[in-house]
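Asker: To start, I am sharing the structure in question, which I have written as structure tokens.
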Amino acid sequence: MFSERIRMHYYKHETAEVEEGATIGDNTKIWRWTHIRSGAIIGEDCVLGQNVYVAEKAIIGNNVHIQNNVSIYNLITLEDDVFIGPSVVFTNDKRPRVGIVNQIPTLIKQGASLCANTTVVCGIIVGRYALVGAGSVVTKNVLDYALVYGDPARLAGWVCKCGADIDFANRIWPCITTCKVCGRQFNKEEKIIACEEG
């Protein structure tokens with residue numbers, strides 16, 4: 001078992017199944033009862049919890065954390081630093097029928113977080129560092145740094161890369177504010193928000 005881990009450069013629990021032809025990055029951890037299909041691409045430093053399924057045409061970036069009971073189906077892409085909470089549900093077909101394949105891509109951009117029991121309808125783009133509240137149903141694209149929740153998920157505010165709320169008390173456009181936790185500066189024009197990393 002120990003020599004197998006060294007050879008693979010990633011950790012796989014003995015109950016997990018990684019099919020030949022899957023690409024797994026260094027230092028990734030794959031836990032109990034997880035199934036990775038041939039053709040799936042998973043980056044470095046990822047953590048896949050118990051009972052995760054990754055389809056053959058799924059792409060997972062670096063440092064992605066996927067909690068228990070999540071299926072990443074074909075044409076779903078998770079960019080770097082994404083967090084997927086327990087029992088999040090992805091779809092990849094808006095009009096599923098037996099024997100008819102009409103898969104639609106979904107993109108979760110860098111640093112976004114989907115909290116527990118979120119459902120994401122296929123064809124959606126969730127923006128960079130967006131935060132989707134637990135139990136939400138995402139039916140429309142989510143803007144960068146947006147805080148959304150509900151069924152359907154609606155814009156409820158803005159969050160920093162560090163997770164803190166961003167306060168745009170000044171409603172005159174454009175407006176600039178600074179995160180009170182980490183000091184990052186944000187510039188907002190109408191529905192577009194940009195982070196100045198400095």
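By convention here, the chains of the structure tokens are called A, B, ... in the order presented, each chain's residues are numbered starting at 1, and ligands are numbered starting at 1 in the order presented.
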I'd like the neighbourhood of range 63-65 of chain A as a ChimeraX atom specification, where a residue qualifies if any of its atoms comes within 12 Å (using only C-alpha atoms), though same-chain residues fewer than 5 positions away should be ignored.

Answerer: /A:24-31,42-50,52,70,77-86,108-115

Asker: Within 12 Å of Asp167 in chain A, counting only C-alpha atoms, which residues qualify if same-chain residues fewer than 2 places away don't, as a list in words?

Answerer: Tyr145, Ala146, Leu147, Ala156, Gly157, Trp158, Val159, Cys160, Ala164, Asp165, Ala169, Asn170, Arg171, Cys175, Ile176, Thr177, Thr178, Cys179, Lys180, Val181, Gln185, Phe186, Asn187 and Lys188 of chain A

Asker: Would you mind telling me which residue in A:Asn68, A:Lys12, A:Val120, A:Val142 lies nearest to Asp93 in chain A when using only C-alpha atoms?

Answerer: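 Selected residue with least distance to Asp93 in chain A: A:Val120.
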
Asker: I'd like the neighbourhood of Val54 in chain A as a PyMOL selection string, where a residue qualifies if any of its atoms comes within 12 Å (using only C-alpha atoms), though same-chain residues fewer than 4 positions away should be ignored.

Answerer: chain A and resi 16-19+22-24+30+33-42+48-49+58-60+66+69-78+90

Asker: Could you save those same residues with N, CA and C atoms as an mmCIF file, in the first residue's frame?

Answerer:
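Below is the file that was written, out-v4.cif:
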data_model
loop_
_atom_site.group_PDB
_atom_site.id
_atom_site.type_symbol
_atom_site.label_atom_id
_atom_site.label_comp_id
_atom_site.auth_asym_id
_atom_site.auth_seq_id
_atom_site.Cartn_x
_atom_site.Cartn_y
_atom_site.Cartn_z
ATOM 1 N N ALA A 16 -11.528 3.221 -2.871
ATOM 2 C CA ALA A 16 -11.753 4.103 -4.021
ATOM 3 C C ALA A 16 -11.353 3.393 -5.309
ATOM 4 N N GLU A 17 -11.999 3.769 -6.407
ATOM 5 C CA GLU A 17 -11.669 3.204 -7.711
ATOM 6 C C GLU A 17 -11.238 4.324 -8.653
ATOM 7 N N VAL A 18 -10.001 4.230 -9.144
ATOM 8 C CA VAL A 18 -9.491 5.165 -10.144
ATOM 9 C C VAL A 18 -9.218 4.351 -11.406
ATOM 10 N N GLU A 19 -10.002 4.585 -12.448
ATOM 11 C CA GLU A 19 -9.851 3.808 -13.671
ATOM 12 C C GLU A 19 -8.577 4.198 -14.419
ATOM 13 N N ALA A 22 -7.389 7.837 -16.189
ATOM 14 C CA ALA A 22 -7.691 9.074 -15.454
ATOM 15 C C ALA A 22 -6.380 9.789 -15.154
ATOM 16 N N THR A 23 -6.414 11.115 -15.140
ATOM 17 C CA THR A 23 -5.241 11.920 -14.811
ATOM 18 C C THR A 23 -5.440 12.525 -13.436
ATOM 19 N N ILE A 24 -4.532 12.217 -12.507
ATOM 20 C CA ILE A 24 -4.623 12.702 -11.123
ATOM 21 C C ILE A 24 -3.335 13.447 -10.790
ATOM 22 N N ILE A 30 -7.886 11.031 -2.429
ATOM 23 C CA ILE A 30 -9.151 10.456 -2.881
ATOM 24 C C ILE A 30 -9.632 9.503 -1.794
ATOM 25 N N TRP A 33 -14.848 5.110 -1.171
ATOM 26 C CA TRP A 33 -15.945 4.841 -2.091
ATOM 27 C C TRP A 33 -16.056 5.874 -3.213
ATOM 28 N N THR A 34 -14.970 6.541 -3.530
ATOM 29 C CA THR A 34 -14.964 7.499 -4.633
ATOM 30 C C THR A 34 -14.597 6.781 -5.929
ATOM 31 N N HIS A 35 -15.195 7.214 -7.033
ATOM 32 C CA HIS A 35 -14.987 6.572 -8.337
ATOM 33 C C HIS A 35 -14.576 7.637 -9.355
ATOM 34 N N ILE A 36 -13.380 7.474 -9.924
ATOM 35 C CA ILE A 36 -12.856 8.378 -10.944
ATOM 36 C C ILE A 36 -12.820 7.622 -12.267
ATOM 37 N N ARG A 37 -13.527 8.115 -13.280
ATOM 38 C CA ARG A 37 -13.611 7.431 -14.568
ATOM 39 C C ARG A 37 -12.394 7.714 -15.442
ATOM 40 N N SER A 38 -12.112 6.805 -16.356
ATOM 41 C CA SER A 38 -11.048 6.979 -17.337
ATOM 42 C C SER A 38 -11.331 8.221 -18.174
ATOM 43 N N GLY A 39 -10.322 9.079 -18.328
ATOM 44 C CA GLY A 39 -10.484 10.317 -19.084
ATOM 45 C C GLY A 39 -10.695 11.535 -18.211
ATOM 46 N N ALA A 40 -11.111 11.336 -16.952
ATOM 47 C CA ALA A 40 -11.275 12.462 -16.036
ATOM 48 C C ALA A 40 -9.921 13.116 -15.780
ATOM 49 N N ILE A 41 -9.929 14.427 -15.588
ATOM 50 C CA ILE A 41 -8.701 15.173 -15.294
ATOM 51 C C ILE A 41 -8.872 15.858 -13.950
ATOM 52 N N ILE A 42 -7.970 15.554 -13.019
ATOM 53 C CA ILE A 42 -8.007 16.139 -11.674
ATOM 54 C C ILE A 42 -6.623 16.706 -11.391
ATOM 55 N N LEU A 48 -10.922 14.885 -2.527
ATOM 56 C CA LEU A 48 -12.221 14.359 -2.922
ATOM 57 C C LEU A 48 -12.727 13.487 -1.791
ATOM 58 N N GLY A 49 -13.828 13.906 -1.182
ATOM 59 C CA GLY A 49 -14.353 13.220 -0.006
ATOM 60 C C GLY A 49 -14.999 11.890 -0.332
ATOM 61 N N ALA A 58 -15.061 15.180 -17.218
ATOM 62 C CA ALA A 58 -15.034 16.236 -16.201
ATOM 63 C C ALA A 58 -13.600 16.739 -16.036
ATOM 64 N N ILE A 59 -13.469 18.034 -15.724
ATOM 65 C CA ILE A 59 -12.152 18.634 -15.506
ATOM 66 C C ILE A 59 -12.168 19.336 -14.161
ATOM 67 N N ILE A 60 -11.202 18.992 -13.325
ATOM 68 C CA ILE A 60 -11.078 19.582 -11.988
ATOM 69 C C ILE A 60 -9.689 20.189 -11.884
ATOM 70 N N ILE A 66 -13.758 18.837 -2.752
ATOM 71 C CA ILE A 66 -15.104 18.334 -3.006
ATOM 72 C C ILE A 66 -15.509 17.472 -1.820
ATOM 73 N N ASN A 69 -20.450 12.879 -1.166
ATOM 74 C CA ASN A 69 -21.700 12.660 -1.902
ATOM 75 C C ASN A 69 -21.941 13.668 -3.020
ATOM 76 N N VAL A 70 -20.922 13.896 -3.839
ATOM 77 C CA VAL A 70 -21.036 14.817 -4.976
ATOM 78 C C VAL A 70 -20.655 14.074 -6.250
ATOM 79 N N SER A 71 -21.425 14.293 -7.324
ATOM 80 C CA SER A 71 -21.107 13.727 -8.635
ATOM 81 C C SER A 71 -20.739 14.861 -9.592
ATOM 82 N N ILE A 72 -19.567 14.755 -10.203
ATOM 83 C CA ILE A 72 -19.103 15.721 -11.186
ATOM 84 C C ILE A 72 -19.265 15.046 -12.549
ATOM 85 N N TYR A 73 -20.299 15.424 -13.273
ATOM 86 C CA TYR A 73 -20.657 14.744 -14.508
ATOM 87 C C TYR A 73 -19.873 15.296 -15.704
ATOM 88 N N ASN A 74 -20.098 14.695 -16.867
ATOM 89 C CA ASN A 74 -19.434 15.137 -18.092
ATOM 90 C C ASN A 74 -19.690 16.616 -18.376
ATOM 91 N N LEU A 75 -18.650 17.277 -18.885
ATOM 92 C CA LEU A 75 -18.666 18.679 -19.316
ATOM 93 C C LEU A 75 -18.790 19.666 -18.159
ATOM 94 N N ILE A 76 -18.539 19.198 -16.942
ATOM 95 C CA ILE A 76 -18.467 20.114 -15.798
ATOM 96 C C ILE A 76 -17.004 20.408 -15.533
ATOM 97 N N THR A 77 -16.683 21.701 -15.441
ATOM 98 C CA THR A 77 -15.314 22.141 -15.176
ATOM 99 C C THR A 77 -15.286 22.929 -13.877
ATOM 100 N N LEU A 78 -14.405 22.528 -12.991
ATOM 101 C CA LEU A 78 -14.152 23.253 -11.744
ATOM 102 C C LEU A 78 -12.748 23.836 -11.842
ATOM 103 N N PHE A 90 -24.978 18.582 -9.397
ATOM 104 C CA PHE A 90 -24.784 19.158 -10.724
ATOM 105 C C PHE A 90 -25.667 18.408 -11.712
#

Asker: Find the residue from A:Thr15, A:Asn102, A:Ser136, A:Thr91 that sits nearest to Asn117 in chain A; use only C-alpha atoms when measuring.

Answerer: A:Ser136

Asker: Find the residue from A:Thr106, A:Arg32, A:Cys122, A:Phe168 that sits nearest to Glu14 in chain A; use only C-alpha atoms when measuring.

Answerer: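 Using only C-alpha atoms, the shortest distance to Glu14 in chain A belongs to A:Arg32.
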
Asker: Just list the residues in chain A DSSP gives strand (DSSP E or B) on the backbone, as a PyMOL selection string.

Answerer: chain A and resi 11-12+17-18+23-24+29-30+35-36+41-42+47-48+53-54+59-60+65-66+71-72+76-78+83-84+89-90+97+100+106-108+113-114+119-120+125-126+131-132+137-138+142+146-149+154-159+165+175-178+185-189+192-196
